[in-house]
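Trainee: Can you read through this structure? Questions will come right after.
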Number of protein chains: 2
Amino acid sequence: MGFRIDCLQYCNWSETVFRQMRAGGLDAVHVTIAYHETFRETVLRMEAWNERFARHADLIAPAGSAAEIREIAASGRTAIVFGAQNPSPIEDDIGLVEILYRLGLRIMQLSYNNQSLLATGCYEAEDPGLTRMGRAVVAEMNRVGMVVDMSHSADRSTLEAMEVSSRPIAITHANPASWHPARRNFSDDVLRALGASGGMLGLSLYPHHLKDGSDCTLQQFCEGAAIAAELVGAENLGIGSDLCQDQPDSVVEWMRTGRWTRAVDYGEGSAAAPGFPPQPDWFRDNRDFPGLAEGLRHAGFSAPEVDGIMGENWMRFFEAGFGPGAA
Amino acid sequence: MGFRIDCLQYCNWSETVFRQMRAGGLDAVHVTIAYHETFRETVLRMEAWNERFARHADLIAPAGSAAEIREIAASGRTAIVFGAQNPSPIEDDIGLVEILYRLGLRIMQLSYNNQSLLATGCYEAEDPGLTRMGRAVVAEMNRVGMVVDMSHSADRSTLEAMEVSSRPIAITHANPASWHPARRNFSDDVLRALGASGGMLGLSLYPHHLKDGSDCTLQQFCEGAAIAAELVGAENLGIGSDLCQDQPDSVVEWMRTGRWTRAVDYGEGSAAAPGFPPQPDWFRDNRDFPGLAEGLRHAGFSAPEVDGIMGENWMRFFEAGFGPGAA
């Protein structure tokens, strides 16, 4: 069995969650530390993580490289990799990319649903592509070794990020729209371009991204995974579960509306179901990763393919993607 | 010849200054990055240093440990160590100590002339000693390995910092008041306690801290050094020149008044001479360090003592003082 990596979670972090990561065999988890947070607010999130690293040193440790993930995994703990789902932490200041890299940020989305200073989000009516600052920041992220993530971005922006970036990009948590049409899932064209450019797709287990939502079966999910593998290549496929365990619904409200509107925005939810949707019963928390691997195997993926999807592919991608690039 | 270290400068940084550091044989310089700056403003100073490190990679590099200083020195460059002359960068948030440590801050004063949230400055009428937050922050600095600097603090606060700190502290830039009475110079009692606790004194070459000010001769300075060596021990003595080369007088105004008063405060200057005082002709810039070493030798310090004062003592102190302490 290879490395097991989940390339996106935003749980209500607790000893329970960290113990479940160990029980599920997770070697590394990419955790979101910002949705709409400013630089200072993001640093406060990092401070809270420093507290957790001190308190739960037997279960988790921070990682900024594939080598560190390997060391932490070898010590029987789960490596925590910081990411932001929005470029809000760099505000209007490109110099903060290097500062945040130094503080451990390794993955950053260029937009989150809405237009940002860098790129367009998947809920906007128009997508003018990467902005001037967006192009400058992608180059800076390439330089320091921070992965460009387009999970919540619109198509043109996403395709331009692949073109402009000198290093492969990621869509850490989304599924093929041709399997389940959802604003957050991606078209075949975008996914083919992602795979062709060496980029990674993390399969999402967030119910709104799944066929039949919370009722999606493991078999259905694996069918989606097979479609994704056709599009990006099994070697460019991983998991980005989007697990938001134990969060109150106020958190999904913050994700959706931050400080940008006075109105209610239900995002992928609805007035009838405004909160977090219930997880499918075969993926309730980190302990269900082994079952996921089994499901993929039963669905016809080869053992090496399953190992790749369950973490080895992310390890290879992190190895190449984190840290200073060739000048 | 051992390592050459200047444990405090705040120049108007330029290629000229960095080349003069090389010409003067400086292996490491402790540079001030904050006087009254908030956290965000301090990060902006770090961003400006990142620019300098990229632009002048042949002359300077950032260092956070004695080992890094050694590597940088071996490559024929000058190591830059970040320090703050005020705890303003941590604002009211102890979590920022670890964050700023991660960003390279290795030395921090607990106060700058005025009362801070942590300790009392040397210009206050009353000195109630370390505050509650001051005691907590000293423990946190001890934990992460950030050196406590009391250069601009008042006596009781300074003595209490020595008592409370589990690791030796520094007065990076000041002289004995018994040699030259000045508010910024320290009493024999404080200096004796500093040496007895394994702390370091960096001799200042800022004219207001020198006998006869800008007219102080090299011989007079070395007499002051001999008095200091009597008080703290030659092995606890170094240089902290306080060189503020090429700075406009607006900078000394910022140092003195920051944002804390609407009035003019001349600090160590006067209405007749409000700006930076001229340097003594034997110490105008970094190229004059070799002459300083020669002067100390002629004044009767032994060759090993001179090597110690010119940098070896700071290296030993950095070796023990930077980085996580024993729990």
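Numbering starts fresh at 1 for the residues of each chain in the structure tokens, the chains themselves are lettered A, B, ... in the order given, and ligands are numbered from 1 as they appear.
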As a ChimeraX atom specification, could you give me every residue of chain A near chain B (at most 10 Å apart, counting only C-alpha atoms)?
Mentor: /A:39-40,43-44,46-48,50-51,93-104
Trainee: Could you save the residues just selected, with N, CA and C atoms, as a PDB file, in the first residue's frame?
Mentor:
ATOM      1  N   PHE A  39      -5.068  38.589   5.003  1.00  0.00           N
ATOM      2  CA  PHE A  39      -3.758  38.091   5.423  1.00  0.00           C
ATOM      3  C   PHE A  39      -3.720  37.874   6.933  1.00  0.00           C
ATOM      4  N   ARG A  40      -4.117  38.907   7.679  1.00  0.00           N
ATOM      5  CA  ARG A  40      -4.040  38.807   9.136  1.00  0.00           C
ATOM      6  C   ARG A  40      -4.931  37.698   9.675  1.00  0.00           C
ATOM      7  N   VAL A  43      -3.324  34.379   9.069  1.00  0.00           N
ATOM      8  CA  VAL A  43      -2.261  34.124  10.055  1.00  0.00           C
ATOM      9  C   VAL A  43      -2.875  33.654  11.378  1.00  0.00           C
ATOM     10  N   LEU A  44      -4.019  34.206  11.746  1.00  0.00           N
ATOM     11  CA  LEU A  44      -4.704  33.719  12.954  1.00  0.00           C
ATOM     12  C   LEU A  44      -5.070  32.248  12.810  1.00  0.00           C
ATOM     13  N   MET A  46      -3.404  30.093  11.087  1.00  0.00           N
ATOM     14  CA  MET A  46      -2.130  29.381  11.251  1.00  0.00           C
ATOM     15  C   MET A  46      -1.745  29.288  12.727  1.00  0.00           C
ATOM     16  N   GLU A  47      -2.004  30.357  13.460  1.00  0.00           N
ATOM     17  CA  GLU A  47      -1.721  30.334  14.903  1.00  0.00           C
ATOM     18  C   GLU A  47      -2.541  29.244  15.585  1.00  0.00           C
ATOM     19  N   ALA A  48      -3.813  29.116  15.175  1.00  0.00           N
ATOM     20  CA  ALA A  48      -4.661  28.069  15.754  1.00  0.00           C
ATOM     21  C   ALA A  48      -4.087  26.691  15.403  1.00  0.00           C
ATOM     22  N   ASN A  50      -0.888  26.092  14.926  1.00  0.00           N
ATOM     23  CA  ASN A  50       0.309  25.914  15.781  1.00  0.00           C
ATOM     24  C   ASN A  50      -0.091  25.341  17.137  1.00  0.00           C
ATOM     25  N   GLU A  51      -1.203  25.819  17.662  1.00  0.00           N
ATOM     26  CA  GLU A  51      -1.750  25.273  18.905  1.00  0.00           C
ATOM     27  C   GLU A  51      -2.055  23.781  18.758  1.00  0.00           C
ATOM     28  N   ASP A  93      -1.254  42.201  -2.666  1.00  0.00           N
ATOM     29  CA  ASP A  93       0.195  42.309  -2.470  1.00  0.00           C
ATOM     30  C   ASP A  93       0.899  41.014  -2.869  1.00  0.00           C
ATOM     31  N   ILE A  94       1.553  41.026  -4.011  1.00  0.00           N
ATOM     32  CA  ILE A  94       2.221  39.830  -4.533  1.00  0.00           C
ATOM     33  C   ILE A  94       3.341  39.355  -3.603  1.00  0.00           C
ATOM     34  N   GLY A  95       3.905  40.271  -2.825  1.00  0.00           N
ATOM     35  CA  GLY A  95       4.971  39.897  -1.884  1.00  0.00           C
ATOM     36  C   GLY A  95       4.490  38.923  -0.821  1.00  0.00           C
ATOM     37  N   LEU A  96       3.181  38.889  -0.584  1.00  0.00           N
ATOM     38  CA  LEU A  96       2.641  37.973   0.425  1.00  0.00           C
ATOM     39  C   LEU A  96       2.656  36.517  -0.034  1.00  0.00           C
ATOM     40  N   VAL A  97       2.839  36.280  -1.347  1.00  0.00           N
ATOM     41  CA  VAL A  97       2.945  34.887  -1.808  1.00  0.00           C
ATOM     42  C   VAL A  97       4.160  34.232  -1.144  1.00  0.00           C
ATOM     43  N   GLU A  98       5.301  34.893  -1.207  1.00  0.00           N
ATOM     44  CA  GLU A  98       6.523  34.326  -0.620  1.00  0.00           C
ATOM     45  C   GLU A  98       6.416  34.258   0.912  1.00  0.00           C
ATOM     46  N   ILE A  99       5.814  35.275   1.514  1.00  0.00           N
ATOM     47  CA  ILE A  99       5.626  35.279   2.966  1.00  0.00           C
ATOM     48  C   ILE A  99       4.753  34.095   3.391  1.00  0.00           C
ATOM     49  N   LEU A 100       3.640  33.898   2.702  1.00  0.00           N
ATOM     50  CA  LEU A 100       2.741  32.798   3.063  1.00  0.00           C
ATOM     51  C   LEU A 100       3.359  31.446   2.743  1.00  0.00           C
ATOM     52  N   TYR A 101       4.156  31.391   1.687  1.00  0.00           N
ATOM     53  CA  TYR A 101       4.891  30.146   1.411  1.00  0.00           C
ATOM     54  C   TYR A 101       5.787  29.812   2.600  1.00  0.00           C
ATOM     55  N   ARG A 102       6.502  30.827   3.074  1.00  0.00           N
ATOM     56  CA  ARG A 102       7.403  30.629   4.219  1.00  0.00           C
ATOM     57  C   ARG A 102       6.627  30.146   5.443  1.00  0.00           C
ATOM     58  N   LEU A 103       5.383  30.593   5.559  1.00  0.00           N
ATOM     59  CA  LEU A 103       4.541  30.189   6.696  1.00  0.00           C
ATOM     60  C   LEU A 103       3.836  28.857   6.435  1.00  0.00           C
ATOM     61  N   GLY A 104       4.120  28.235   5.293  1.00  0.00           N
ATOM     62  CA  GLY A 104       3.623  26.883   5.077  1.00  0.00           C
ATOM     63  C   GLY A 104       2.537  26.729   4.032  1.00  0.00           C
TER      64      GLY A 104
END
Trainee: I'd like to know which residues of region 148-280 of chain A are strand (DSSP E or B) (by DSSP, run on the backbone); could you write them as number ranges by chain?
Mentor: A: 148-149, 152-153, 170-171, 176, 186, 200-203, 237-239, 243
Trainee: Could you list, as a list of chain:residue names, every residue within 8 Å of Gly83 (chain B), counting only C-alpha atoms and ignoring same-chain residues fewer than 6 positions away?
Mentor: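 Skipping anything fewer than 6 positions along the chain leaves B:His30, B:Val31, B:Thr32, B:Ile33, B:Ala34, B:Leu105, B:Arg106, B:Ile107, B:Met108.
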Trainee: So that I can see what lies close to Tyr10 (chain A), please list as a list of chain:residue names the residues with an atom at most 12 Å from it, counting only C-alpha atoms and leaving out residues fewer than 6 positions away in the same chain.
Mentor: A:Val17, A:Val29, A:His30, A:Val31, A:Thr32, A:Ile33, A:Ala34, A:Tyr35, A:Ile80, A:Val81, A:Phe82, A:Gly83, A:Ala84, A:Gln85, A:His173, A:Tyr206, A:Gly240, A:Ser241, A:Asp242, A:Leu243, A:Cys244, A:Gln245, A:Asp246, A:Gln247, A:Pro248, A:Val251, A:Val252, A:Met255, A:Asp285
